[in-house]
Amino acid sequence: MRVVANLEQAIEHISIYGSQHTDSIVTESEINAMRFIREVDSSSVMINASTRFADGFEYGLGAEIGISTNKLHARGPVGLEGLTNLKWVVFGNGEIRT
């Protein structure tokens with residue numbers, strides 16, 4: 001977690017130090033939230049919500065069997081479904097997961 005002076009610093013920090021797994025922003029600005037979603041290259045992006053919501057069960061996918069931050073994870077013969085990437089976007093109002 002890091003407090004930054006502006007959105008540019010946040011995006012820069014994430015691009016350098018982030019894992020591309022889950023990133024979150026706390027903001028009152030819808031414009032900044034939408035830019036964060038567009039410019040942060042992570043598999044889960046949270047807006048005013050805890051990163052603890054990044055969970056296969058929470059997304060309705062059932063129990064997790066692995067975690068991948070790769071964009072193209074399948075090898076060998078791949079159909080259309082294997083070439084599809086998801087970006088999870090969560091909007092909240094300060095909720096936490098206990």
# chains A, B, ... in the order shown; residues from 1 in each chain; ligands from 1

call {"tool": "select_by_dssp", "arguments": {"residues": "stretch 2-41 of chain A", "states": "alpha helix (DSSP H)", "output": "PyMOL selection string"}}
result
chain A and resi 7-17+30-39

call {"tool": "closest_residue", "arguments": {"among": "A:Ile11, A:Asp41, A:Arg97, A:Gln20", "to": "A:Asp55", "atoms": "only C-alpha atoms"}}
result
A:Arg97

call {"tool": "closest_residue", "arguments": {"among": "A:Val3, A:Ile37, A:Ala49, A:Ile25", "to": "A:Lys87", "atoms": "only C-alpha atoms"}}
result
A:Ile37

call {"tool": "residues_around", "arguments": {"residues": "A:Val45", "least_positions_apart": "5", "cutoff": "7 Å", "atoms": "only C-alpha atoms", "output": "ChimeraX atom specification"}}
result
/A:22-24,37,88-90

call {"tool": "write_last_selection", "arguments": {"atoms": "C-alpha atoms", "output": "mmCIF file, in the first residue's frame"}}
result
data_model
loop_
_atom_site.group_PDB
_atom_site.id
_atom_site.type_symbol
_atom_site.label_atom_id
_atom_site.label_comp_id
_atom_site.auth_asym_id
_atom_site.auth_seq_id
_atom_site.Cartn_x
_atom_site.Cartn_y
_atom_site.Cartn_z
ATOM 1 C CA THR A 22 -4.802 -7.161 -8.061
ATOM 2 C CA ASP A 23 -4.629 -3.407 -7.614
ATOM 3 C CA SER A 24 -6.984 -0.979 -5.883
ATOM 4 C CA ILE A 37 -9.350 0.836 -14.793
ATOM 5 C CA TRP A 88 -12.314 -7.947 -13.128
ATOM 6 C CA VAL A 89 -13.569 -4.521 -12.076
ATOM 7 C CA VAL A 90 -15.051 -4.046 -8.617
#

call {"tool": "atom_distance", "arguments": {"atom1": "atom CA of A:Asn48", "atom2": "atom CA of A:Val26"}}
result
4.6 Å

call {"tool": "residues_around", "arguments": {"residues": "A:Phe36", "least_positions_apart": "3", "cutoff": "8 Å", "atoms": "only C-alpha atoms", "output": "PDB file with all heavy atoms, in the first residue's frame"}}
result
ATOM      1  N   LEU A   7      -2.861  10.642  -9.415  1.00  0.00           N
ATOM      2  CA  LEU A   7      -3.134   9.415 -10.151  1.00  0.00           C
ATOM      3  C   LEU A   7      -1.937   8.961 -10.971  1.00  0.00           C
ATOM      4  O   LEU A   7      -1.650   7.768 -11.057  1.00  0.00           O
ATOM      5  CB  LEU A   7      -4.360   9.606 -11.051  1.00  0.00           C
ATOM      6  CG  LEU A   7      -4.822   8.379 -11.826  1.00  0.00           C
ATOM      7  CD1 LEU A   7      -5.192   7.249 -10.876  1.00  0.00           C
ATOM      8  CD2 LEU A   7      -5.978   8.732 -12.727  1.00  0.00           C
ATOM      9  N   ILE A  11      -0.325   5.144 -10.888  1.00  0.00           N
ATOM     10  CA  ILE A  11      -0.179   4.275 -12.052  1.00  0.00           C
ATOM     11  C   ILE A  11       1.288   3.945 -12.303  1.00  0.00           C
ATOM     12  O   ILE A  11       1.634   2.795 -12.604  1.00  0.00           O
ATOM     13  CB  ILE A  11      -0.861   4.912 -13.272  1.00  0.00           C
ATOM     14  CG1 ILE A  11      -2.382   4.959 -13.048  1.00  0.00           C
ATOM     15  CG2 ILE A  11      -0.521   4.153 -14.549  1.00  0.00           C
ATOM     16  CD1 ILE A  11      -3.145   5.784 -14.065  1.00  0.00           C
ATOM     17  N   ILE A  25      -7.701   1.309  -5.916  1.00  0.00           N
ATOM     18  CA  ILE A  25      -7.579   2.746  -5.710  1.00  0.00           C
ATOM     19  C   ILE A  25      -8.738   3.202  -4.825  1.00  0.00           C
ATOM     20  O   ILE A  25      -9.855   2.689  -4.948  1.00  0.00           O
ATOM     21  CB  ILE A  25      -7.575   3.519  -7.051  1.00  0.00           C
ATOM     22  CG1 ILE A  25      -7.290   5.011  -6.835  1.00  0.00           C
ATOM     23  CG2 ILE A  25      -8.869   3.311  -7.801  1.00  0.00           C
ATOM     24  CD1 ILE A  25      -7.115   5.800  -8.128  1.00  0.00           C
ATOM     25  N   ASN A  32     -11.012   9.673 -12.345  1.00  0.00           N
ATOM     26  CA  ASN A  32      -9.779   8.970 -11.965  1.00  0.00           C
ATOM     27  C   ASN A  32     -10.007   7.465 -11.873  1.00  0.00           C
ATOM     28  O   ASN A  32      -9.140   6.676 -12.254  1.00  0.00           O
ATOM     29  CB  ASN A  32      -9.243   9.502 -10.641  1.00  0.00           C
ATOM     30  CG  ASN A  32      -8.575  10.851 -10.782  1.00  0.00           C
ATOM     31  OD1 ASN A  32      -8.346  11.335 -11.885  1.00  0.00           O
ATOM     32  ND2 ASN A  32      -8.269  11.479  -9.663  1.00  0.00           N
ATOM     33  N   ALA A  33     -11.166   7.057 -11.375  1.00  0.00           N
ATOM     34  CA  ALA A  33     -11.471   5.628 -11.276  1.00  0.00           C
ATOM     35  C   ALA A  33     -11.490   4.982 -12.657  1.00  0.00           C
ATOM     36  O   ALA A  33     -10.906   3.916 -12.867  1.00  0.00           O
ATOM     37  CB  ALA A  33     -12.803   5.419 -10.564  1.00  0.00           C
ATOM     38  N   GLU A  39      -5.881   2.057 -17.399  1.00  0.00           N
ATOM     39  CA  GLU A  39      -4.420   2.099 -17.499  1.00  0.00           C
ATOM     40  C   GLU A  39      -3.684   1.122 -16.599  1.00  0.00           C
ATOM     41  O   GLU A  39      -2.496   0.893 -16.817  1.00  0.00           O
ATOM     42  CB  GLU A  39      -3.937   3.528 -17.241  1.00  0.00           C
ATOM     43  CG  GLU A  39      -4.420   4.494 -18.313  1.00  0.00           C
ATOM     44  CD  GLU A  39      -3.837   5.883 -18.173  1.00  0.00           C
ATOM     45  OE1 GLU A  39      -2.754   6.035 -17.570  1.00  0.00           O
ATOM     46  OE2 GLU A  39      -4.482   6.837 -18.674  1.00  0.00           O
ATOM     47  N   VAL A  40      -4.339   0.551 -15.619  1.00  0.00           N
ATOM     48  CA  VAL A  40      -3.670  -0.423 -14.761  1.00  0.00           C
ATOM     49  C   VAL A  40      -3.871  -1.804 -15.368  1.00  0.00           C
ATOM     50  O   VAL A  40      -5.002  -2.268 -15.545  1.00  0.00           O
ATOM     51  CB  VAL A  40      -4.199  -0.351 -13.313  1.00  0.00           C
ATOM     52  CG1 VAL A  40      -3.677  -1.514 -12.495  1.00  0.00           C
ATOM     53  CG2 VAL A  40      -3.781   0.962 -12.682  1.00  0.00           C
TER      54      VAL A  40
END
